[in-house]
Amino acid sequence: SSGDGGGADALATCATETQKATLLPLDLYVLLDRSGSMEDKTAAGPTKWDAVRDALKKFVDDPKSAGLGVGLQYFPIKHTGVPDTCSSSAQCPSGSGKCTLKACHPNAATDPIKWCDSNADCGAQACRDLGTCLIGGGTCLKNDPTYDCLVGPCVTYTSGSCADEGCFSADYKNPAVPIATLPGSANNLKTSLTNMVTYGNTPTSAALQGGIDQAKEFAAANPGHTVVLLLATDGLPTACTPQDIAGISAIAAAGKSGTPGVKTFVIGVFTTAEKATAQTNLDAIASAGGTNKAIVIDTATNVTTAFQAALDAIRGQALPCDYNVPKPEAGTPDYDKVNVQHTTGGGAKDVLANVADAAACDPTKGGWYYDVNPTKGEPTKISLCPASCTALKNDAGGRIDVLLGCKTIVK
């Protein structure tokens with residue numbers, strides 16, 4: 001372990017009570033991409049959508065997930081009141097964007113699509129009719145010197161959709177399946193996954209904002225719970241503002257900050273050709289969200305197996321090192337006579353030193369702290385410092401006990 005409090009022998013004579021520490025609950029709010037590209041096949045045969053759904057179903061049935069709270073929402077969601085098709089932007093309600101019939105000539109091939117009604121919407125570029133090439137297929141911009149068809153005419157679309165129909169973050173705050181504890185909630189989750197269909201584009205920023213709002217609201221209503229967000233996607237953003245990775249990363253960073261803070265984990269499913277770019281971009285979101293690195297799965301592998309392994313890894317990483325402050329069997333708590341002990345899987349015991357707060361944690365020796373300084377209020381939570389938390393998670397069979405009755409060993 002990584003304590004600085006010395007051995008347990010010194011406490012053997014004064015400890016009046018030892019309690020196995022009770023971990024505080026962990027909840028996972030899953031935002032699952034159901035965009036049309038999820039219907040692409042994987043190398044193993046099933047579509048990305050079927051592979052990911054199967055992995056999630058196995059995860060919620062896994063006995064190791066028992067006690068975990070899980071909620072679920074999908075993206076995109078077409079906002080209520082937005083028509084299925086449009087022939088002009090006038091038919092798109094406020095906030096749902098322009099009708100996808102015309103687009104600005106992009107400055108570069110990698111620029112996101114900017115929808116338009118006239119040249120005035122495009123700055124220095126031209127607003128062109130969008131269509132499909134009659135010979136050979138593919139999307140084209142009619143009469144555009146760069147993006148018109150090489151052979152044959154560009155047949156313009158007569159109907160489109162409202163570009164920002166899935167860009168209402170409040171839609172993603174309301175879960176398709178509310179956060180509830182496994183295994184009791186497993187059937188609801190599996191039924192929802194079975195009945196859901198693919199649709200639309202990738203409104204990442206709106207979905208992420210709404211998901212963080214739900215996670216924060218749930219955490220505030222359930223004190224003591226650690227709530228984290230999982231963004232699972234097969235594509236980079238194709239709709240909503242912000243659409244750039246820096247802007248989306250800022251949403252994840254804002255979610256991590258504040259009280260309660262919510263970390264964002266990211267899983268991506270991409271082809272071998274897409275993987276490097278996806279890793280760079282999704283890592284930026286994960287890092288901003290406090291989880292360091294995204295897990296990117298290659299569709300050339302068995303996606304179901306890899307996605308389930310990713311979920312298992314995230315469950316382990318996300319499990320908090322936060323514990324209830326135990327109440328003595330008799331009398332009132334004496335917060336100056338509480339000690340925290342790590343017993344390794346091999347049976348060795350190490351008493352961790354108490355530090356004032358998270359900022360006082362030793363980066364190598366670790367320790368533990370209260371959520372509220374006992375001199376200023378009543379603590380409700382004991383948290384391990386990062387080094388001690390890492391040591392515990394790397395220790396198969398290790399456990400944390402709280403010893404009452406001996407003077408607290410402090411750093």
# chains A, B, ... in the order shown; residues from 1 in each chain; ligands from 1
$ residues_around --residues "stretch 69-82 of chain A" --least-positions-apart "2" --cutoff "8 Å" --atoms "only C-alpha atoms" --output "CSV table (one decimal) with N, CA, C and O atoms, in the first residue's frame"
chain,number,residue,atom,x,y,z
A,25,PRO,N,-21.9,4.6,-3.5
A,25,PRO,CA,-22.4,4.0,-4.8
A,25,PRO,C,-21.8,4.8,-6.0
A,25,PRO,O,-21.5,5.9,-6.0
A,26,LEU,N,-21.8,4.0,-7.1
A,26,LEU,CA,-21.3,4.5,-8.4
A,26,LEU,C,-22.4,4.4,-9.4
A,26,LEU,O,-23.1,3.3,-9.5
A,27,ASP,N,-22.7,5.4,-10.2
A,27,ASP,CA,-23.7,5.5,-11.2
A,27,ASP,C,-23.1,5.9,-12.5
A,27,ASP,O,-22.2,6.7,-12.6
A,28,LEU,N,-23.6,5.2,-13.6
A,28,LEU,CA,-23.0,5.4,-15.0
A,28,LEU,C,-24.2,5.8,-15.9
A,28,LEU,O,-25.2,5.1,-16.0
A,29,TYR,N,-24.1,7.0,-16.5
A,29,TYR,CA,-25.1,7.5,-17.4
A,29,TYR,C,-24.5,7.3,-18.8
A,29,TYR,O,-23.5,8.0,-19.2
A,30,VAL,N,-25.1,6.4,-19.6
A,30,VAL,CA,-24.5,6.1,-20.9
A,30,VAL,C,-25.2,6.9,-22.0
A,30,VAL,O,-26.5,6.8,-22.1
A,31,LEU,N,-24.4,7.6,-22.8
A,31,LEU,CA,-24.9,8.2,-24.0
A,31,LEU,C,-24.4,7.4,-25.2
A,31,LEU,O,-23.3,7.3,-25.5
A,32,LEU,N,-25.4,6.8,-25.9
A,32,LEU,CA,-25.0,5.8,-26.9
A,32,LEU,C,-25.4,6.4,-28.3
A,32,LEU,O,-26.6,6.7,-28.6
A,33,ASP,N,-24.4,6.4,-29.2
A,33,ASP,CA,-24.6,6.9,-30.6
A,33,ASP,C,-25.4,5.9,-31.3
A,33,ASP,O,-25.0,4.7,-31.4
A,34,ARG,N,-26.5,6.4,-31.9
A,34,ARG,CA,-27.3,5.5,-32.8
A,34,ARG,C,-27.4,6.0,-34.2
A,34,ARG,O,-28.4,5.8,-34.9
A,35,SER,N,-26.4,6.8,-34.6
A,35,SER,CA,-26.4,7.5,-35.9
A,35,SER,C,-26.4,6.4,-37.0
A,35,SER,O,-26.1,5.2,-36.8
A,67,GLY,N,-24.9,-3.8,-8.2
A,67,GLY,CA,-24.7,-2.7,-7.3
A,67,GLY,C,-24.4,-1.4,-8.1
A,67,GLY,O,-24.5,-0.3,-7.5
A,84,ASP,N,-40.5,15.8,-40.3
A,84,ASP,CA,-39.6,14.7,-40.8
A,84,ASP,C,-38.8,15.2,-42.0
A,84,ASP,O,-37.6,14.8,-42.2
A,92,CYS,N,-38.5,24.9,-40.7
A,92,CYS,CA,-37.7,24.4,-39.6
A,92,CYS,C,-38.0,25.3,-38.4
A,92,CYS,O,-37.6,26.5,-38.4
A,93,PRO,N,-38.5,24.8,-37.3
A,93,PRO,CA,-38.8,25.6,-36.1
A,93,PRO,C,-37.5,26.2,-35.5
A,93,PRO,O,-36.4,25.8,-35.8
A,96,SER,N,-33.9,24.7,-34.8
A,96,SER,CA,-33.7,23.4,-35.5
A,96,SER,C,-32.8,23.5,-36.7
A,96,SER,O,-32.6,22.6,-37.5
A,162,CYS,N,-34.2,19.2,-41.2
A,162,CYS,CA,-33.8,20.4,-40.4
A,162,CYS,C,-32.4,20.0,-39.8
A,162,CYS,O,-32.3,19.1,-39.0
A,165,GLU,N,-32.0,19.3,-35.9
A,165,GLU,CA,-33.2,18.7,-35.3
A,165,GLU,C,-32.8,17.9,-34.1
A,165,GLU,O,-33.6,17.7,-33.2
A,166,GLY,N,-31.5,17.5,-34.0
A,166,GLY,CA,-31.1,16.8,-32.8
A,166,GLY,C,-30.2,17.6,-31.8
A,166,GLY,O,-29.5,17.0,-31.0
A,167,CYS,N,-30.3,18.9,-31.9
A,167,CYS,CA,-29.4,19.8,-31.2
A,167,CYS,C,-30.0,20.5,-30.0
A,167,CYS,O,-29.6,21.5,-29.6
A,168,PHE,N,-31.0,19.8,-29.3
A,168,PHE,CA,-31.6,20.4,-28.1
A,168,PHE,C,-31.1,19.6,-26.9
A,168,PHE,O,-31.5,18.4,-26.7
A,171,ASP,N,-33.2,17.4,-24.5
A,171,ASP,CA,-33.7,16.1,-24.9
A,171,ASP,C,-32.8,14.9,-24.3
A,171,ASP,O,-33.3,13.8,-24.1
A,172,TYR,N,-31.5,15.2,-24.2
A,172,TYR,CA,-30.6,14.2,-23.7
A,172,TYR,C,-30.5,14.2,-22.2
A,172,TYR,O,-29.9,13.2,-21.6
A,174,ASN,N,-33.1,14.1,-20.3
A,174,ASN,CA,-34.2,13.1,-19.9
A,174,ASN,C,-33.8,11.7,-20.4
A,174,ASN,O,-33.8,11.5,-21.6
A,175,PRO,N,-33.5,10.8,-19.5
A,175,PRO,CA,-33.0,9.5,-19.9
A,175,PRO,C,-34.1,8.6,-20.6
A,175,PRO,O,-35.3,8.7,-20.2
A,176,ALA,N,-33.7,7.8,-21.5
A,176,ALA,CA,-34.6,6.8,-22.1
A,176,ALA,C,-34.9,5.7,-21.0
A,176,ALA,O,-36.0,5.2,-20.9
A,177,VAL,N,-33.8,5.4,-20.3
A,177,VAL,CA,-33.9,4.5,-19.1
A,177,VAL,C,-33.3,5.2,-17.9
A,177,VAL,O,-32.1,5.5,-18.0
A,178,PRO,N,-34.1,5.6,-16.9
A,178,PRO,CA,-33.5,6.3,-15.8
A,178,PRO,C,-32.4,5.5,-15.0
A,178,PRO,O,-32.4,4.3,-15.1
A,179,ILE,N,-31.5,6.2,-14.4
A,179,ILE,CA,-30.5,5.6,-13.6
A,179,ILE,C,-31.1,4.8,-12.5
A,179,ILE,O,-31.9,5.3,-11.7
A,180,ALA,N,-30.7,3.5,-12.5
A,180,ALA,CA,-31.2,2.6,-11.4
A,180,ALA,C,-30.2,1.5,-11.2
A,180,ALA,O,-29.3,1.3,-12.1
A,181,THR,N,-30.3,0.8,-10.1
A,181,THR,CA,-29.3,-0.1,-9.7
A,181,THR,C,-29.4,-1.5,-10.3
A,181,THR,O,-30.5,-2.0,-10.4
A,182,LEU,N,-28.3,-2.0,-10.8
A,182,LEU,CA,-28.3,-3.4,-11.3
A,182,LEU,C,-28.2,-4.4,-10.1
A,182,LEU,O,-27.7,-4.0,-9.1
A,185,SER,N,-32.4,-3.3,-12.6
A,185,SER,CA,-32.7,-2.5,-13.8
A,185,SER,C,-32.3,-3.1,-15.1
A,185,SER,O,-32.5,-2.5,-16.2
A,189,LEU,N,-33.1,-2.0,-19.3
A,189,LEU,CA,-32.0,-1.5,-20.2
A,189,LEU,C,-32.0,-2.4,-21.4
A,189,LEU,O,-31.8,-1.9,-22.5
A,199,TYR,N,-30.5,6.0,-36.6
A,199,TYR,CA,-31.1,7.1,-37.2
A,199,TYR,C,-30.2,8.3,-37.2
A,199,TYR,O,-29.5,8.6,-36.1
A,200,GLY,N,-30.1,9.1,-38.2
A,200,GLY,CA,-29.6,10.4,-38.2
A,200,GLY,C,-28.1,10.6,-38.2
A,200,GLY,O,-27.3,9.7,-38.5
A,201,ASN,N,-27.6,11.8,-37.7
A,201,ASN,CA,-26.2,12.1,-37.7
A,201,ASN,C,-25.6,12.1,-36.3
A,201,ASN,O,-26.1,11.4,-35.5
A,202,THR,N,-24.6,12.9,-36.0
A,202,THR,CA,-23.9,12.8,-34.8
A,202,THR,C,-23.8,14.2,-34.1
A,202,THR,O,-22.9,14.9,-34.2
A,203,PRO,N,-24.8,14.5,-33.3
A,203,PRO,CA,-24.9,15.8,-32.6
A,203,PRO,C,-24.2,15.7,-31.2
A,203,PRO,O,-24.8,15.8,-30.1
A,204,THR,N,-22.9,15.5,-31.2
A,204,THR,CA,-22.1,15.2,-30.0
A,204,THR,C,-22.2,16.3,-28.9
A,204,THR,O,-22.4,15.9,-27.8
A,207,ALA,N,-25.7,16.3,-27.1
A,207,ALA,CA,-25.8,15.1,-26.3
A,207,ALA,C,-25.0,15.1,-25.1
A,207,ALA,O,-25.4,14.8,-24.0
$ residues_around --residues "A:Ala360" --least-positions-apart "3" --cutoff "12 Å" --atoms "only C-alpha atoms" --output "list in words"
Ala353, Asn354, Val355, Ala356, Asp357, Pro363, Thr364, Lys365, Gly366, Gly367, Trp368, Tyr369, Tyr370, Leu384, Cys385, Pro386, Val410 and Lys411 of chain A
$ atom_distance --atom1 "atom CA of A:Val338" --atom2 "atom CA of A:Cys389"
18.4 Å
$ residues_around --residues "A:Val372" --least-positions-apart "3" --cutoff "10 Å" --atoms "only C-alpha atoms" --output "count of residues only"
11
$ select_by_dssp --residues "stretch 193-292 of chain A" --states "alpha helix (DSSP H)" --output "count of residues only"
50
$ atom_distance --atom1 "atom CA of A:Asp117" --atom2 "atom CA of A:Ser88"
8.3 Å
$ closest_residue --among "A:Ile248, A:Ala186, A:Cys140, A:Ala215" --to "A:Pro63" --atoms "only C-alpha atoms"
A:Ala186
$ closest_residue --among "A:Leu11, A:Gly398, A:Cys154, A:Asn324" --to "A:Pro223" --atoms "only C-alpha atoms"
A:Asn324
$ residues_around --residues "A:Ser287" --least-positions-apart "6" --cutoff "9 Å" --atoms "only C-alpha atoms" --output "number ranges by chain"
A: 249, 252-253, 264-265, 293-294
$ write_last_selection --atoms "N, CA and C atoms" --output "PDB file, in the first residue's frame"
ATOM      1  N   SER A 249     -14.694  19.524 -26.029  1.00  0.00           N
ATOM      2  CA  SER A 249     -13.835  19.266 -24.866  1.00  0.00           C
ATOM      3  C   SER A 249     -14.128  20.256 -23.746  1.00  0.00           C
ATOM      4  N   ALA A 252     -16.969  18.980 -21.725  1.00  0.00           N
ATOM      5  CA  ALA A 252     -16.524  17.910 -20.817  1.00  0.00           C
ATOM      6  C   ALA A 252     -15.777  18.494 -19.619  1.00  0.00           C
ATOM      7  N   ALA A 253     -14.937  19.498 -19.865  1.00  0.00           N
ATOM      8  CA  ALA A 253     -14.169  20.120 -18.776  1.00  0.00           C
ATOM      9  C   ALA A 253     -15.095  20.816 -17.783  1.00  0.00           C
ATOM     10  N   THR A 264     -16.147  12.366 -17.675  1.00  0.00           N
ATOM     11  CA  THR A 264     -16.622  11.801 -18.942  1.00  0.00           C
ATOM     12  C   THR A 264     -15.635  10.755 -19.453  1.00  0.00           C
ATOM     13  N   PHE A 265     -16.110   9.514 -19.563  1.00  0.00           N
ATOM     14  CA  PHE A 265     -15.357   8.441 -20.223  1.00  0.00           C
ATOM     15  C   PHE A 265     -15.810   8.378 -21.679  1.00  0.00           C
ATOM     16  N   LYS A 293      -7.757   9.273 -21.241  1.00  0.00           N
ATOM     17  CA  LYS A 293      -7.612   8.713 -22.587  1.00  0.00           C
ATOM     18  C   LYS A 293      -8.872   7.957 -22.975  1.00  0.00           C
ATOM     19  N   ALA A 294      -9.275   8.112 -24.244  1.00  0.00           N
ATOM     20  CA  ALA A 294     -10.413   7.368 -24.764  1.00  0.00           C
ATOM     21  C   ALA A 294      -9.991   5.938 -25.104  1.00  0.00           C
TER      22      ALA A 294
END
$ residues_around --residues "stretch 145-150 of chain A" --least-positions-apart "2" --cutoff "9 Å" --atoms "only C-alpha atoms" --output "number ranges by chain"
A: 105, 132-143, 152-154
$ closest_residue --among "A:Lys216, A:Arg315, A:Lys349, A:His342" --to "A:Ser388" --atoms "only C-alpha atoms"
A:His342
$ select_by_dssp --residues "stretch 187-321 of chain A" --states "strand (DSSP E or B)" --output "number ranges by chain"
A: 226-233, 264-270, 295-298
$ residues_around --residues "A:Ala170" --least-positions-apart "4" --cutoff "9 Å" --atoms "only C-alpha atoms" --output "compact mmCIF listing (two decimals) with C-alpha atoms, in the first residue's frame"
# COMPACT_ATOMS: atom_id res chain seq x y z
CA ASN A 174 -34.15 13.15 -19.92
CA ALA A 206 -25.81 18.70 -27.54
CA ALA A 207 -25.84 15.08 -26.35
CA GLN A 209 -24.20 18.75 -22.55
CA GLY A 210 -27.55 17.11 -21.83
CA GLY A 211 -25.90 13.99 -20.47
CA ASP A 213 -26.76 17.97 -16.95
CA GLN A 214 -28.58 14.69 -16.13
$ residues_around --residues "A:Ala55" --least-positions-apart "3" --cutoff "7 Å" --atoms "only C-alpha atoms" --output "PDB file with all heavy atoms, in the first residue's frame"
ATOM      1  N   ALA A  51     -23.257  -5.139 -32.488  1.00  0.00           N
ATOM      2  CA  ALA A  51     -22.124  -5.528 -31.654  1.00  0.00           C
ATOM      3  C   ALA A  51     -22.100  -4.751 -30.339  1.00  0.00           C
ATOM      4  O   ALA A  51     -21.881  -5.328 -29.265  1.00  0.00           O
ATOM      5  CB  ALA A  51     -20.815  -5.316 -32.416  1.00  0.00           C
ATOM      6  N   VAL A  52     -22.339  -3.450 -30.428  1.00  0.00           N
ATOM      7  CA  VAL A  52     -22.312  -2.604 -29.228  1.00  0.00           C
ATOM      8  C   VAL A  52     -23.503  -2.922 -28.328  1.00  0.00           C
ATOM      9  O   VAL A  52     -23.366  -2.997 -27.096  1.00  0.00           O
ATOM     10  CB  VAL A  52     -22.276  -1.116 -29.636  1.00  0.00           C
ATOM     11  CG1 VAL A  52     -22.542  -0.223 -28.439  1.00  0.00           C
ATOM     12  CG2 VAL A  52     -20.926  -0.771 -30.265  1.00  0.00           C
ATOM     13  N   LYS A  58     -24.577  -7.723 -22.214  1.00  0.00           N
ATOM     14  CA  LYS A  58     -23.744  -8.621 -21.416  1.00  0.00           C
ATOM     15  C   LYS A  58     -23.193  -7.905 -20.191  1.00  0.00           C
ATOM     16  O   LYS A  58     -23.080  -8.501 -19.109  1.00  0.00           O
ATOM     17  CB  LYS A  58     -22.601  -9.171 -22.282  1.00  0.00           C
ATOM     18  CG  LYS A  58     -23.078 -10.150 -23.345  1.00  0.00           C
ATOM     19  CD  LYS A  58     -21.930 -10.602 -24.258  1.00  0.00           C
ATOM     20  CE  LYS A  58     -22.427 -11.583 -25.315  1.00  0.00           C
ATOM     21  NZ  LYS A  58     -21.357 -11.977 -26.264  1.00  0.00           N
ATOM     22  N   PHE A  59     -22.871  -6.628 -20.354  1.00  0.00           N
ATOM     23  CA  PHE A  59     -22.321  -5.849 -19.243  1.00  0.00           C
ATOM     24  C   PHE A  59     -23.341  -5.705 -18.116  1.00  0.00           C
ATOM     25  O   PHE A  59     -23.000  -5.863 -16.936  1.00  0.00           O
ATOM     26  CB  PHE A  59     -21.888  -4.472 -19.755  1.00  0.00           C
ATOM     27  CG  PHE A  59     -21.382  -3.542 -18.690  1.00  0.00           C
ATOM     28  CD1 PHE A  59     -20.131  -3.710 -18.131  1.00  0.00           C
ATOM     29  CD2 PHE A  59     -22.167  -2.478 -18.245  1.00  0.00           C
ATOM     30  CE1 PHE A  59     -19.650  -2.840 -17.154  1.00  0.00           C
ATOM     31  CE2 PHE A  59     -21.706  -1.605 -17.277  1.00  0.00           C
ATOM     32  CZ  PHE A  59     -20.448  -1.785 -16.729  1.00  0.00           C
ATOM     33  N   THR A 304     -17.876  -6.712 -30.214  1.00  0.00           N
ATOM     34  CA  THR A 304     -18.637  -7.049 -29.005  1.00  0.00           C
ATOM     35  C   THR A 304     -17.699  -7.341 -27.846  1.00  0.00           C
ATOM     36  O   THR A 304     -17.849  -6.787 -26.746  1.00  0.00           O
ATOM     37  CB  THR A 304     -19.552  -8.264 -29.255  1.00  0.00           C
ATOM     38  OG1 THR A 304     -20.483  -7.949 -30.290  1.00  0.00           O
ATOM     39  CG2 THR A 304     -20.325  -8.627 -27.995  1.00  0.00           C
ATOM     40  N   THR A 305     -16.713  -8.197 -28.076  1.00  0.00           N
ATOM     41  CA  THR A 305     -15.767  -8.563 -27.019  1.00  0.00           C
ATOM     42  C   THR A 305     -14.956  -7.348 -26.563  1.00  0.00           C
ATOM     43  O   THR A 305     -14.782  -7.120 -25.360  1.00  0.00           O
ATOM     44  CB  THR A 305     -14.816  -9.671 -27.520  1.00  0.00           C
ATOM     45  OG1 THR A 305     -15.588 -10.801 -27.916  1.00  0.00           O
ATOM     46  CG2 THR A 305     -13.833 -10.081 -26.441  1.00  0.00           C
ATOM     47  N   PHE A 307     -15.704  -4.140 -26.854  1.00  0.00           N
ATOM     48  CA  PHE A 307     -16.529  -3.114 -26.207  1.00  0.00           C
ATOM     49  C   PHE A 307     -16.864  -3.540 -24.777  1.00  0.00           C
ATOM     50  O   PHE A 307     -16.847  -2.711 -23.855  1.00  0.00           O
ATOM     51  CB  PHE A 307     -17.812  -2.890 -27.010  1.00  0.00           C
ATOM     52  CG  PHE A 307     -18.499  -1.585 -26.728  1.00  0.00           C
ATOM     53  CD1 PHE A 307     -18.250  -0.464 -27.508  1.00  0.00           C
ATOM     54  CD2 PHE A 307     -19.387  -1.463 -25.676  1.00  0.00           C
ATOM     55  CE1 PHE A 307     -18.881   0.753 -27.239  1.00  0.00           C
ATOM     56  CE2 PHE A 307     -20.025  -0.254 -25.400  1.00  0.00           C
ATOM     57  CZ  PHE A 307     -19.774   0.852 -26.186  1.00  0.00           C
ATOM     58  N   GLN A 308     -17.148  -4.818 -24.579  1.00  0.00           N
ATOM     59  CA  GLN A 308     -17.426  -5.288 -23.223  1.00  0.00           C
ATOM     60  C   GLN A 308     -16.187  -5.141 -22.341  1.00  0.00           C
ATOM     61  O   GLN A 308     -16.287  -4.743 -21.168  1.00  0.00           O
ATOM     62  CB  GLN A 308     -17.902  -6.740 -23.239  1.00  0.00           C
ATOM     63  CG  GLN A 308     -18.447  -7.193 -21.885  1.00  0.00           C
ATOM     64  CD  GLN A 308     -18.966  -8.617 -21.903  1.00  0.00           C
ATOM     65  OE1 GLN A 308     -18.937  -9.295 -22.929  1.00  0.00           O
ATOM     66  NE2 GLN A 308     -19.440  -9.083 -20.761  1.00  0.00           N
TER      67      GLN A 308
END
$ decode --residues "stretch 214-262 of chain A" --atoms "C-alpha atoms" --output "PDB file, in the first residue's frame"
ATOM      1  CA  GLN A 214     -28.575  14.688 -16.128  1.00  0.00           C
ATOM      2  CA  ALA A 215     -25.560  13.253 -14.307  1.00  0.00           C
ATOM      3  CA  LYS A 216     -25.083  16.398 -12.220  1.00  0.00           C
ATOM      4  CA  GLU A 217     -28.785  16.563 -11.378  1.00  0.00           C
ATOM      5  CA  PHE A 218     -28.815  12.910 -10.304  1.00  0.00           C
ATOM      6  CA  ALA A 219     -25.661  13.349  -8.213  1.00  0.00           C
ATOM      7  CA  ALA A 220     -27.120  16.413  -6.471  1.00  0.00           C
ATOM      8  CA  ALA A 221     -30.308  14.492  -5.663  1.00  0.00           C
ATOM      9  CA  ASN A 222     -28.350  11.467  -4.380  1.00  0.00           C
ATOM     10  CA  PRO A 223     -25.652  12.715  -1.992  1.00  0.00           C
ATOM     11  CA  GLY A 224     -22.756  10.317  -1.623  1.00  0.00           C
ATOM     12  CA  HIS A 225     -23.147   8.867  -5.117  1.00  0.00           C
ATOM     13  CA  THR A 226     -20.358   9.175  -7.673  1.00  0.00           C
ATOM     14  CA  VAL A 227     -21.949   9.726 -11.097  1.00  0.00           C
ATOM     15  CA  VAL A 228     -19.924   9.449 -14.306  1.00  0.00           C
ATOM     16  CA  LEU A 229     -20.825   9.823 -17.970  1.00  0.00           C
ATOM     17  CA  LEU A 230     -19.952   7.416 -20.777  1.00  0.00           C
ATOM     18  CA  LEU A 231     -19.956   8.780 -24.331  1.00  0.00           C
ATOM     19  CA  ALA A 232     -19.976   5.877 -26.816  1.00  0.00           C
ATOM     20  CA  THR A 233     -19.722   6.930 -30.467  1.00  0.00           C
ATOM     21  CA  ASP A 234     -18.688   5.711 -33.910  1.00  0.00           C
ATOM     22  CA  GLY A 235     -18.160   9.107 -35.475  1.00  0.00           C
ATOM     23  CA  LEU A 236     -16.782  12.570 -35.000  1.00  0.00           C
ATOM     24  CA  PRO A 237     -19.347  15.394 -34.650  1.00  0.00           C
ATOM     25  CA  THR A 238     -21.452  16.185 -37.733  1.00  0.00           C
ATOM     26  CA  ALA A 239     -24.072  18.533 -36.261  1.00  0.00           C
ATOM     27  CA  CYS A 240     -24.713  21.220 -33.629  1.00  0.00           C
ATOM     28  CA  THR A 241     -22.638  24.081 -32.243  1.00  0.00           C
ATOM     29  CA  PRO A 242     -19.949  23.662 -31.104  1.00  0.00           C
ATOM     30  CA  GLN A 243     -18.939  21.059 -33.658  1.00  0.00           C
ATOM     31  CA  ASP A 244     -15.176  21.385 -33.162  1.00  0.00           C
ATOM     32  CA  ILE A 245     -13.308  19.114 -30.743  1.00  0.00           C
ATOM     33  CA  ALA A 246     -12.011  22.040 -28.667  1.00  0.00           C
ATOM     34  CA  GLY A 247     -15.560  23.278 -28.086  1.00  0.00           C
ATOM     35  CA  ILE A 248     -16.821  19.810 -27.162  1.00  0.00           C
ATOM     36  CA  SER A 249     -13.835  19.266 -24.866  1.00  0.00           C
ATOM     37  CA  ALA A 250     -14.773  22.500 -23.080  1.00  0.00           C
ATOM     38  CA  ILE A 251     -18.204  20.998 -22.322  1.00  0.00           C
ATOM     39  CA  ALA A 252     -16.524  17.910 -20.817  1.00  0.00           C
ATOM     40  CA  ALA A 253     -14.169  20.120 -18.776  1.00  0.00           C
ATOM     41  CA  ALA A 254     -17.074  22.160 -17.406  1.00  0.00           C
ATOM     42  CA  GLY A 255     -18.798  18.913 -16.416  1.00  0.00           C
ATOM     43  CA  LYS A 256     -15.767  17.764 -14.443  1.00  0.00           C
ATOM     44  CA  SER A 257     -15.586  21.047 -12.523  1.00  0.00           C
ATOM     45  CA  GLY A 258     -18.035  22.318  -9.960  1.00  0.00           C
ATOM     46  CA  THR A 259     -19.920  20.429  -7.273  1.00  0.00           C
ATOM     47  CA  PRO A 260     -20.906  17.785  -8.027  1.00  0.00           C
ATOM     48  CA  GLY A 261     -18.297  17.159 -10.709  1.00  0.00           C
ATOM     49  CA  VAL A 262     -18.959  14.562 -13.401  1.00  0.00           C
TER      50      VAL A 262
END
